[in-house]
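Trainee: Input structure: work.cif, which contains mmCIF, C-alpha atoms and all ligand atoms.
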data_query
loop_
_atom_site.label_atom_id
_atom_site.label_comp_id
_atom_site.auth_asym_id
_atom_site.auth_seq_id
_atom_site.Cartn_x
_atom_site.Cartn_y
_atom_site.Cartn_z
CA MET A 1 53.71 -16.92 -90.42
CA PHE A 2 55.80 -18.13 -87.49
CA THR A 3 56.19 -21.83 -86.75
CA LEU A 4 57.07 -23.22 -83.34
CA ALA A 5 57.84 -26.86 -82.58
CA HIS A 6 57.18 -28.02 -79.02
CA LEU A 7 58.70 -31.20 -77.63
CA SER A 8 59.37 -32.23 -74.07
CA ASP A 9 60.74 -34.83 -71.68
CA PRO A 10 63.32 -36.46 -73.96
CA HIS A 11 64.92 -38.17 -70.91
CA LEU A 12 68.06 -38.65 -72.94
CA ALA A 13 69.38 -42.17 -73.25
CA PRO A 14 71.71 -43.92 -72.80
CA LEU A 15 72.08 -43.08 -69.14
CA PRO A 16 75.75 -42.68 -68.16
CA THR A 17 76.72 -45.30 -65.57
CA PRO A 18 76.71 -43.53 -62.20
CA GLY A 19 79.58 -44.00 -59.77
CA PRO A 20 78.86 -45.29 -56.23
CA ALA A 21 79.19 -41.79 -54.75
CA GLU A 22 76.68 -40.45 -57.26
CA LEU A 23 74.13 -43.02 -56.10
CA ALA A 24 74.54 -42.39 -52.37
CA ASN A 25 71.33 -40.34 -52.25
CA LYS A 26 67.87 -40.18 -53.85
CA ARG A 27 69.46 -41.17 -57.18
CA ILE A 28 69.65 -44.83 -56.15
CA LEU A 29 65.86 -45.08 -56.36
CA GLY A 30 65.79 -43.29 -59.71
CA TYR A 31 68.57 -45.53 -61.00
CA LEU A 32 66.72 -48.69 -60.02
CA ASN A 33 63.57 -47.30 -61.63
CA TRP A 34 65.52 -46.52 -64.80
CA GLN A 35 66.95 -50.04 -64.96
CA ARG A 36 63.64 -51.68 -64.10
CA SER A 37 61.32 -49.82 -66.47
CA ARG A 38 62.23 -46.39 -67.77
CA LYS A 39 65.11 -47.36 -70.03
CA ALA A 40 62.71 -49.56 -71.99
CA ILE A 41 60.34 -46.61 -72.41
CA HIS A 42 62.71 -43.76 -73.29
CA VAL A 43 64.43 -44.99 -76.41
CA ARG A 44 67.10 -42.92 -78.14
CA SER A 45 66.25 -44.13 -81.66
CA VAL A 46 62.64 -43.00 -81.12
CA LEU A 47 63.80 -39.55 -80.00
CA ASP A 48 66.19 -39.34 -82.96
CA ALA A 49 63.34 -40.13 -85.36
CA ILE A 50 61.15 -37.44 -83.77
CA VAL A 51 63.97 -34.89 -84.01
CA GLU A 52 64.78 -35.79 -87.61
CA ASP A 53 61.14 -35.39 -88.61
CA MET A 54 60.84 -32.11 -86.71
CA LEU A 55 64.00 -30.60 -88.20
CA GLY A 56 62.69 -31.65 -91.62
CA LYS A 57 59.74 -29.30 -91.05
CA SER A 58 62.17 -26.37 -90.56
CA PRO A 59 60.34 -24.70 -87.67
CA ASP A 60 61.29 -21.09 -87.00
CA HIS A 61 61.85 -21.96 -83.36
CA ILE A 62 61.99 -25.06 -81.16
CA ALA A 63 60.71 -25.06 -77.56
CA VAL A 64 62.00 -27.85 -75.31
CA GLY A 65 59.93 -28.39 -72.18
CA GLY A 66 62.42 -29.90 -69.74
CA ASP A 67 63.42 -33.29 -68.31
CA LEU A 68 66.34 -33.64 -70.67
CA THR A 69 68.10 -35.66 -67.97
CA ASN A 70 67.05 -38.57 -65.79
CA LEU A 71 69.10 -38.47 -62.59
CA ALA A 72 70.69 -35.03 -63.04
CA LEU A 73 74.16 -36.58 -63.31
CA PRO A 74 76.85 -34.05 -64.31
CA ARG A 75 77.49 -36.00 -67.54
CA GLU A 76 73.80 -35.93 -68.37
CA PHE A 77 73.80 -32.12 -68.39
CA LEU A 78 76.78 -32.14 -70.77
CA ASN A 79 75.09 -34.73 -72.99
CA ALA A 80 71.94 -32.61 -72.97
CA LEU A 81 73.91 -29.54 -74.01
CA ALA A 82 75.32 -31.47 -76.98
CA TRP A 83 71.79 -32.63 -77.83
CA LEU A 84 70.46 -29.05 -77.68
CA ASN A 85 73.30 -27.98 -79.97
CA SER A 86 72.21 -30.70 -82.40
CA LEU A 87 68.74 -29.11 -82.56
CA GLY A 88 70.14 -25.68 -83.31
CA GLY A 89 71.80 -22.67 -81.75
CA PRO A 90 70.32 -20.66 -78.87
CA GLU A 91 68.74 -18.24 -81.34
CA ARG A 92 66.64 -21.12 -82.68
CA VAL A 93 66.03 -23.21 -79.56
CA SER A 94 64.63 -22.39 -76.10
CA VAL A 95 64.50 -24.71 -73.10
CA VAL A 96 63.06 -24.73 -69.59
CA PRO A 97 64.25 -27.12 -66.84
CA GLY A 98 62.09 -29.97 -65.57
CA ASN A 99 61.99 -31.74 -62.22
CA HIS A 100 64.49 -34.39 -63.35
CA ASP A 101 66.90 -31.58 -64.22
CA ALA A 102 66.64 -30.44 -60.59
CA TYR A 103 66.70 -33.91 -59.07
CA LEU A 104 69.13 -32.96 -56.31
CA HIS A 105 70.58 -29.74 -54.97
CA ALA A 106 73.44 -28.91 -57.33
CA GLU A 107 75.44 -25.87 -58.28
CA TRP A 108 73.48 -24.17 -61.08
CA LYS A 109 76.47 -23.63 -63.36
CA PHE A 110 77.24 -27.37 -63.37
CA ALA A 111 73.62 -28.37 -63.78
CA ALA A 112 70.86 -26.83 -65.98
CA GLY A 113 72.92 -23.63 -65.94
CA LEU A 114 75.07 -25.30 -68.61
CA TRP A 115 72.17 -24.60 -70.97
CA ASP A 116 72.14 -20.94 -70.02
CA THR A 117 72.35 -19.55 -73.55
CA TYR A 118 69.15 -21.44 -74.42
CA MET A 119 67.32 -19.73 -71.55
CA ARG A 120 68.30 -16.09 -72.03
CA SER A 121 65.98 -13.15 -72.44
CA HIS A 122 66.62 -11.26 -75.64
CA ALA A 123 66.88 -8.09 -73.58
CA GLY A 124 69.06 -9.54 -70.81
CA ARG A 125 72.21 -10.84 -72.42
CA ASN A 126 74.55 -9.74 -69.66
CA GLN A 127 72.40 -10.85 -66.79
CA LYS A 128 74.30 -12.98 -64.29
CA ARG A 129 72.67 -16.15 -63.06
CA THR A 130 73.87 -18.03 -60.02
CA ALA A 131 70.64 -19.55 -58.66
CA SER A 132 68.10 -21.66 -60.49
CA THR A 133 65.40 -18.98 -60.43
CA ASP A 134 67.66 -16.08 -61.50
CA GLY A 135 66.64 -14.74 -64.89
CA PHE A 136 63.27 -16.51 -64.94
CA PRO A 137 60.88 -15.86 -66.50
CA TYR A 138 62.96 -15.19 -69.58
CA VAL A 139 61.33 -13.54 -72.59
CA ARG A 140 62.28 -14.02 -76.22
CA HIS A 141 60.71 -12.06 -79.07
CA PHE A 142 60.19 -13.17 -82.66
CA GLY A 143 58.53 -10.14 -84.15
CA ARG A 144 55.24 -9.92 -82.26
CA VAL A 145 55.37 -13.54 -81.13
CA SER A 146 56.90 -13.76 -77.64
CA LEU A 147 58.05 -16.84 -75.75
CA ILE A 148 58.10 -16.70 -71.93
CA GLY A 149 60.09 -19.45 -70.20
CA LEU A 150 59.47 -20.46 -66.57
CA ASN A 151 61.48 -22.65 -64.22
CA THR A 152 59.42 -25.00 -62.02
CA GLY A 153 62.17 -27.57 -61.36
CA ILE A 154 62.98 -28.01 -57.68
CA PRO A 155 64.63 -30.83 -55.72
CA THR A 156 62.00 -32.97 -54.02
CA PRO A 157 61.99 -35.90 -51.56
CA PRO A 158 61.99 -39.43 -53.00
CA PHE A 159 58.77 -40.40 -54.80
CA PHE A 160 57.84 -36.75 -55.36
CA ALA A 161 58.07 -34.90 -58.66
CA SER A 162 56.37 -31.67 -57.73
CA GLY A 163 57.33 -28.23 -58.96
CA ARG A 164 57.22 -24.65 -57.82
CA LEU A 165 57.45 -21.23 -59.44
CA GLY A 166 60.06 -19.84 -57.05
CA GLY A 167 61.93 -16.57 -56.94
CA GLY A 168 58.96 -14.31 -57.53
CA GLN A 169 58.34 -15.75 -61.00
CA LEU A 170 54.56 -15.57 -60.67
CA GLU A 171 54.57 -11.84 -60.00
CA LEU A 172 57.04 -11.20 -62.82
CA LEU A 173 54.98 -13.34 -65.17
CA GLY A 174 51.93 -11.22 -64.40
CA LYS A 175 53.78 -8.06 -65.36
CA ILE A 176 55.21 -9.58 -68.54
CA LEU A 177 51.82 -10.91 -69.67
CA ALA A 178 50.17 -7.56 -68.99
CA ASP A 179 52.86 -5.63 -70.87
CA LEU A 180 52.90 -7.93 -73.90
CA GLY A 181 49.11 -8.15 -73.86
CA GLU A 182 48.87 -4.38 -74.20
CA LYS A 183 51.24 -4.60 -77.16
CA LYS A 184 48.97 -7.27 -78.72
CA HIS A 185 51.76 -9.83 -78.88
CA PHE A 186 51.08 -13.55 -79.29
CA ARG A 187 52.20 -14.72 -75.84
CA ILE A 188 53.50 -18.28 -75.49
CA VAL A 189 54.20 -19.56 -71.98
CA LEU A 190 56.63 -22.50 -71.80
CA ILE A 191 56.57 -24.48 -68.54
CA HIS A 192 57.48 -28.02 -67.51
CA HIS A 193 54.74 -28.82 -65.00
CA PRO A 194 51.04 -28.72 -65.91
CA PRO A 195 50.02 -25.16 -65.05
CA LEU A 196 46.44 -25.85 -63.96
CA PRO A 197 45.20 -27.61 -60.78
CA GLY A 198 44.06 -31.19 -61.24
CA LEU A 199 46.16 -32.01 -64.29
CA ALA A 200 48.72 -34.03 -62.30
CA PRO A 201 48.52 -36.23 -59.16
CA TRP A 202 49.42 -34.19 -56.08
CA ARG A 203 52.85 -35.85 -55.65
CA LYS A 204 53.76 -34.62 -59.12
CA ALA A 205 51.83 -31.38 -59.28
CA LEU A 206 52.90 -27.78 -59.45
CA ARG A 207 52.56 -26.14 -56.04
CA GLY A 208 50.59 -22.95 -56.49
CA ALA A 209 48.91 -24.09 -59.70
CA ARG A 210 45.69 -22.38 -58.66
CA ALA A 211 47.42 -19.03 -58.39
CA LEU A 212 49.01 -19.57 -61.80
CA GLN A 213 45.64 -20.52 -63.29
CA GLU A 214 44.07 -17.37 -61.87
CA LEU A 215 46.89 -15.25 -63.23
CA LEU A 216 46.68 -16.80 -66.71
CA ALA A 217 42.91 -16.29 -66.71
CA ALA A 218 43.21 -12.66 -65.60
CA ARG A 219 46.16 -11.55 -67.76
CA GLY A 220 45.64 -13.88 -70.70
CA ALA A 221 48.05 -15.84 -72.87
CA GLU A 222 47.62 -17.06 -76.41
CA LEU A 223 49.28 -20.45 -75.82
CA VAL A 224 50.57 -22.33 -72.76
CA LEU A 225 52.79 -25.35 -73.43
CA TYR A 226 53.83 -27.98 -70.88
CA GLY A 227 55.25 -31.51 -70.57
CA HIS A 228 55.82 -33.58 -67.38
CA ASN A 229 52.73 -35.82 -67.67
CA HIS A 230 54.07 -37.52 -70.83
CA THR A 231 50.54 -37.23 -72.23
CA GLN A 232 48.91 -35.33 -75.07
CA ALA A 233 46.20 -33.07 -73.63
CA ILE A 234 44.36 -29.88 -74.50
CA ASN A 235 42.54 -27.76 -71.94
CA ILE A 236 40.96 -24.43 -72.71
CA LEU A 237 41.09 -22.05 -69.78
CA SER A 238 38.41 -19.42 -69.75
CA GLY A 239 40.21 -16.08 -69.53
CA ALA A 240 39.01 -12.53 -68.95
CA ALA A 241 40.03 -11.52 -72.47
CA GLY A 242 39.32 -14.82 -74.19
CA PRO A 243 40.18 -18.53 -74.08
CA VAL A 244 43.70 -19.61 -73.08
CA PRO A 245 44.73 -22.89 -74.77
CA VAL A 246 46.84 -25.07 -72.44
CA ILE A 247 48.51 -27.93 -74.30
CA GLY A 248 50.59 -30.84 -72.99
CA VAL A 249 52.80 -33.05 -75.13
CA PRO A 250 54.01 -36.65 -74.53
CA SER A 251 57.66 -37.51 -73.97
CA ALA A 252 59.57 -37.16 -77.25
CA SER A 253 61.31 -40.49 -76.62
CA SER A 254 58.37 -42.60 -75.45
CA SER A 255 58.26 -45.98 -77.17
CA ARG A 256 55.34 -47.34 -75.18
CA GLY A 257 51.75 -46.61 -74.29
CA GLY A 258 48.59 -45.66 -76.14
CA ALA A 259 48.05 -42.99 -78.74
CA ASP A 260 48.26 -40.14 -76.22
CA HIS A 261 51.50 -41.41 -74.66
CA LEU A 262 53.68 -42.39 -77.60
CA ALA A 263 56.47 -40.04 -78.71
CA ARG A 264 55.20 -36.89 -80.35
CA TYR A 265 55.89 -33.23 -81.00
CA ASN A 266 53.46 -30.46 -81.85
CA LEU A 267 54.04 -27.87 -84.54
CA PHE A 268 52.21 -24.55 -84.16
CA ALA A 269 51.66 -22.29 -87.17
CA ILE A 270 50.97 -18.77 -85.90
CA ARG A 271 49.94 -15.84 -88.02
CA HIS A 272 48.23 -12.49 -87.72
CA ASP A 273 45.69 -11.83 -90.44
CA GLY A 274 45.63 -8.07 -89.79
CA ASN A 275 42.69 -8.45 -87.47
CA ARG A 276 43.44 -11.25 -85.06
CA TRP A 277 45.90 -14.00 -84.23
CA ARG A 278 45.37 -17.42 -85.75
CA CYS A 279 47.06 -20.60 -84.55
CA LYS A 280 46.92 -24.10 -86.00
CA MET A 281 48.47 -27.18 -84.38
CA THR A 282 49.85 -30.19 -86.22
CA GLY A 283 50.73 -33.19 -84.08
CA ARG A 284 53.35 -35.57 -85.44
CA GLY A 285 54.68 -38.73 -83.81
CA LEU A 286 54.18 -42.47 -83.43
CA ARG A 287 50.72 -43.85 -84.09
CA ASN A 288 51.82 -47.32 -82.97
CA ALA A 289 54.75 -48.57 -80.93
CA GLY A 290 57.59 -49.28 -83.35
CA GLY A 291 55.91 -47.34 -86.13
CA PRO A 292 57.23 -44.41 -88.15
CA VAL A 293 56.75 -40.72 -87.31
CA THR A 294 53.59 -39.59 -89.02
CA GLN A 295 50.97 -36.87 -88.85
CA LEU A 296 48.58 -37.63 -85.98
CA GLU A 297 46.23 -34.70 -86.03
CA GLN A 298 45.72 -31.17 -87.24
CA ARG A 299 43.45 -28.72 -85.50
CA ARG A 300 42.70 -25.05 -85.18
CA ILE A 301 43.65 -23.68 -81.78
CA THR A 302 42.60 -20.05 -82.22
CA GLY A 303 41.15 -17.85 -84.92
FE FE B 401 59.47 -36.31 -67.64
#
Can the structure from this file be put into structure tokens for me?
Mentor:
Amino acid sequence: MFTLAHLSDPHLAPLPTPGPAELANKRILGYLNWQRSRKAIHVRSVLDAIVEDMLGKSPDHIAVGGDLTNLALPREFLNALAWLNSLGGPERVSVVPGNHDAYLHAEWKFAAGLWDTYMRSHAGRNQKRTASTDGFPYVRHFGRVSLIGLNTGIPTPPFFASGRLGGGQLELLGKILADLGEKKHFRIVLIHHPPLPGLAPWRKALRGARALQELLAARGAELVLYGHNHTQAINILSGAAGPVPVIGVPSASSSRGGADHLARYNLFAIRHDGNRWRCKMTGRGLRNAGGPVTQLEQRRITG
């Protein structure tokens, strides 16, 4: 049995106060939006309660789906690194960047590159990364369970939050899925943006989602996990070799909204019974705004 916790979009609070020079760009709009509404939604005590509950379940691995930051301020990346460390070391935690983590053009090593050890392939320890797409997809193996991390975060114009699988990631993903599929691994794809067309409004959508959907359907994957929409959702993609479950999770710090939007994480119990893979999902989070973290649902995903 292997257990994986998936949480996403913590949008870590409190937001460090930006200096005037840091706001002389697209960030000014994001900062006003944070002050006007988002800081009331993304509450640190809610995130801390989610994390405490999740760590109490002792998952074998934790997958973080991006948007750790809000305005991609240099101090936010450092705060996010400290937060990742509080979840566990790089051997226990994996992360992929989100669009907020690529809010503006920035030097990789001072931005999401600070989390580099949490985004390393098990077979590529010495690989040098200088650009945001270097080293993606990364692949991590836990016995015959494999986690494949993608980077869809790109800087966008104001009022856009779209993503893109740059740097030849789609082609590489196809090869990785084919290789691990032949080896009968349980393949988990971790991505920030919804990977299928129609799951996000066009201003926020993944460019090339149709090509990714076609690739997932053709090559197969046992589990695809995403964030970005801040909504719980399950879609089953019909694949050539069987169904591909595609599962979105709300923001782990969300203090507002209905049942599908309040803070939550999903815990996946994965096992091979000698014949086939079996996967069960347990959702835990807030049932009501201001309420405690509790079990929300339990369902069989495969097997
Ligand atoms: Fe987000």
Trainee: Find the residues near ligand FE 401 (chain B). Use a cut-off of 7 Å, count all atoms listed in the file, and write them as a tab-separated table (two decimals) with C-alpha atoms, in the frame of the given file.
Mentor:
chain	number	residue	atom	x	y	z
A	9	ASP	CA	60.74	-34.83	-71.68
A	11	HIS	CA	64.92	-38.17	-70.91
A	67	ASP	CA	63.42	-33.29	-68.31
A	100	HIS	CA	64.49	-34.39	-63.35
A	228	HIS	CA	55.82	-33.58	-67.38
A	229	ASN	CA	52.73	-35.82	-67.67
A	230	HIS	CA	54.07	-37.52	-70.83
A	251	SER	CA	57.66	-37.51	-73.97
Trainee: Within 10 Å of Ala217 in chain A, counting all atoms listed in the file, which residues show up once you throw out same-chain ones fewer than 4 positions away? Write them as a compact mmCIF listing (two decimals) with C-alpha atoms, keeping the file's coordinate frame, please.
Mentor:
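Resulting contents of around-v5.txt:
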# COMPACT_ATOMS: atom_id res chain seq x y z
CA ALA A 211 47.42 -19.03 -58.39
CA LEU A 212 49.01 -19.57 -61.80
CA GLN A 213 45.64 -20.52 -63.29
CA ALA A 221 48.05 -15.84 -72.87
CA LEU A 237 41.09 -22.05 -69.78
CA SER A 238 38.41 -19.42 -69.75
CA GLY A 239 40.21 -16.08 -69.53
CA ALA A 240 39.01 -12.53 -68.95
CA ALA A 241 40.03 -11.52 -72.47
CA GLY A 242 39.32 -14.82 -74.19
CA PRO A 243 40.18 -18.53 -74.08
CA VAL A 244 43.70 -19.61 -73.08
Trainee: Suppose you want the space between CA of Gly168 in chain A and CA of Gly198 in chain A; what is it in Å?
Mentor: 22.8 Å
Trainee: Which is closest to Ala289 in chain A among A:Asp273, A:Asp134, A:Glu52, A:Asp260, if we use all atoms listed in the file?
Mentor: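 Going through A:Asp273, A:Asp134, A:Glu52, A:Asp260 one by one, the smallest distance to Ala289 in chain A is for A:Asp260.
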Trainee: Would you please work out which residue, of A:Pro97, A:Gly257, A:Gly174, A:Gly248, is nearest to Ala218 in chain A when using all atoms listed in the file?
Mentor: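 Closest to Ala218 in chain A of all the choices is A:Gly174.
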Trainee: Can you list, as a PyMOL selection string, every protein, DNA or RNA residue that comes within 7 Å of range 43-45 of chain A when you count all atoms listed in the file, leaving out same-chain residues fewer than 6 positions away?
Mentor: chain A and resi 12-13+253-255
Trainee: Go ahead and dump the residues you just picked, C-alpha atoms, as a JSON list (two decimals), keeping the file's coordinate frame.
Mentor:
[["chain", "number", "residue", "atom", "x", "y", "z"],
["A", 12, "LEU", "CA", 68.06, -38.65, -72.94],
["A", 13, "ALA", "CA", 69.38, -42.17, -73.25],
["A", 253, "SER", "CA", 61.31, -40.49, -76.62],
["A", 254, "SER", "CA", 58.37, -42.60, -75.45],
["A", 255, "SER", "CA", 58.26, -45.98, -77.17]]
Trainee: For Arg276 in chain A, which residue among A:Gly290, A:Pro194, A:Leu262, A:Gly303 is the nearest when counting all atoms listed in the file?
Mentor: A:Gly303
Trainee: Give me, as an MDAnalysis selection string, all polymer residues having an atom no more than 10 Å from Tyr31 in chain A, counting only C-alpha atoms and skipping those fewer than 3 positions away in the same chain.
Mentor: chainID A and resid 15 17:18 23 26:28 34:36 38:39 70:71
Trainee: May I ask for the distance between CA of Asp48 in chain A and CA of Tyr118 in chain A, given in Å to one decimal place?
Mentor: 20.1 Å
Trainee: Extract, using only C-alpha atoms, all DNA, RNA and protein residues at most 7 Å from range 152-160 of chain A, discarding same-chain residues fewer than 5 positions from it, and format them as an MDAnalysis selection string.
Mentor: chainID A and resid 26 97:99 101:105 165 192:193 203:204
Trainee: Could you dump the residues just selected with C-alpha atoms as a PDB file, in the frame of the given file?
Mentor:
ATOM      1  CA  LYS A  26      67.870 -40.180 -53.850  1.00  0.00           C
ATOM      2  CA  PRO A  97      64.250 -27.120 -66.840  1.00  0.00           C
ATOM      3  CA  GLY A  98      62.090 -29.970 -65.570  1.00  0.00           C
ATOM      4  CA  ASN A  99      61.990 -31.740 -62.220  1.00  0.00           C
ATOM      5  CA  ASP A 101      66.900 -31.580 -64.220  1.00  0.00           C
ATOM      6  CA  ALA A 102      66.640 -30.440 -60.590  1.00  0.00           C
ATOM      7  CA  TYR A 103      66.700 -33.910 -59.070  1.00  0.00           C
ATOM      8  CA  LEU A 104      69.130 -32.960 -56.310  1.00  0.00           C
ATOM      9  CA  HIS A 105      70.580 -29.740 -54.970  1.00  0.00           C
ATOM     10  CA  LEU A 165      57.450 -21.230 -59.440  1.00  0.00           C
ATOM     11  CA  HIS A 192      57.480 -28.020 -67.510  1.00  0.00           C
ATOM     12  CA  HIS A 193      54.740 -28.820 -65.000  1.00  0.00           C
ATOM     13  CA  ARG A 203      52.850 -35.850 -55.650  1.00  0.00           C
ATOM     14  CA  LYS A 204      53.760 -34.620 -59.120  1.00  0.00           C
TER      15      LYS A 204
END
Trainee: Could you give me, as a VMD selection string, the residues within 12 Å of Val93 in chain A, counting all atoms listed in the file and dropping anything in the same chain fewer than 2 positions from it?
Mentor: chain A and resid 4 to 7 55 59 to 65 81 83 to 91 95 to 96 115 to 120 140 147 149
Trainee: Please report the interatomic distance between CA of Gly285 in chain A and CA of Arg187 in chain A in Å with one decimal.
Mentor: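 For CA of Gly285 in chain A relative to CA of Arg187 in chain A, the distance reads 25.4 Å.
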Trainee: With only C-alpha atoms as the atoms that count, which of A:Trp108, A:Phe2, A:Phe77, A:Phe186 lies nearest to Trp277 in chain A?
Mentor: A:Phe186
Trainee: Using all atoms listed in the file, which residue out of A:Leu114, A:Val189, A:Leu267, A:Met54 lies closest to Ala80 in chain A?
Mentor: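 Once distances to Ala80 in chain A are computed over all atoms listed in the file, the minimum belongs to A:Leu114.
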Trainee: Which residues, protein or nucleic acid, reach to within 6 Å of (46.1, -27.9, -83.2) in the file's coordinates when using only C-alpha atoms, and can you give that as a VMD selection string?
Mentor: chain A and resid 280 to 282 298 to 301
Trainee: A:Gly163, A:Gly291, A:Gly220, A:Gly181: which is nearest Ala205 in chain A, counting only C-alpha atoms?
Mentor: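 Closest to Ala205 in chain A of all the choices is A:Gly163.
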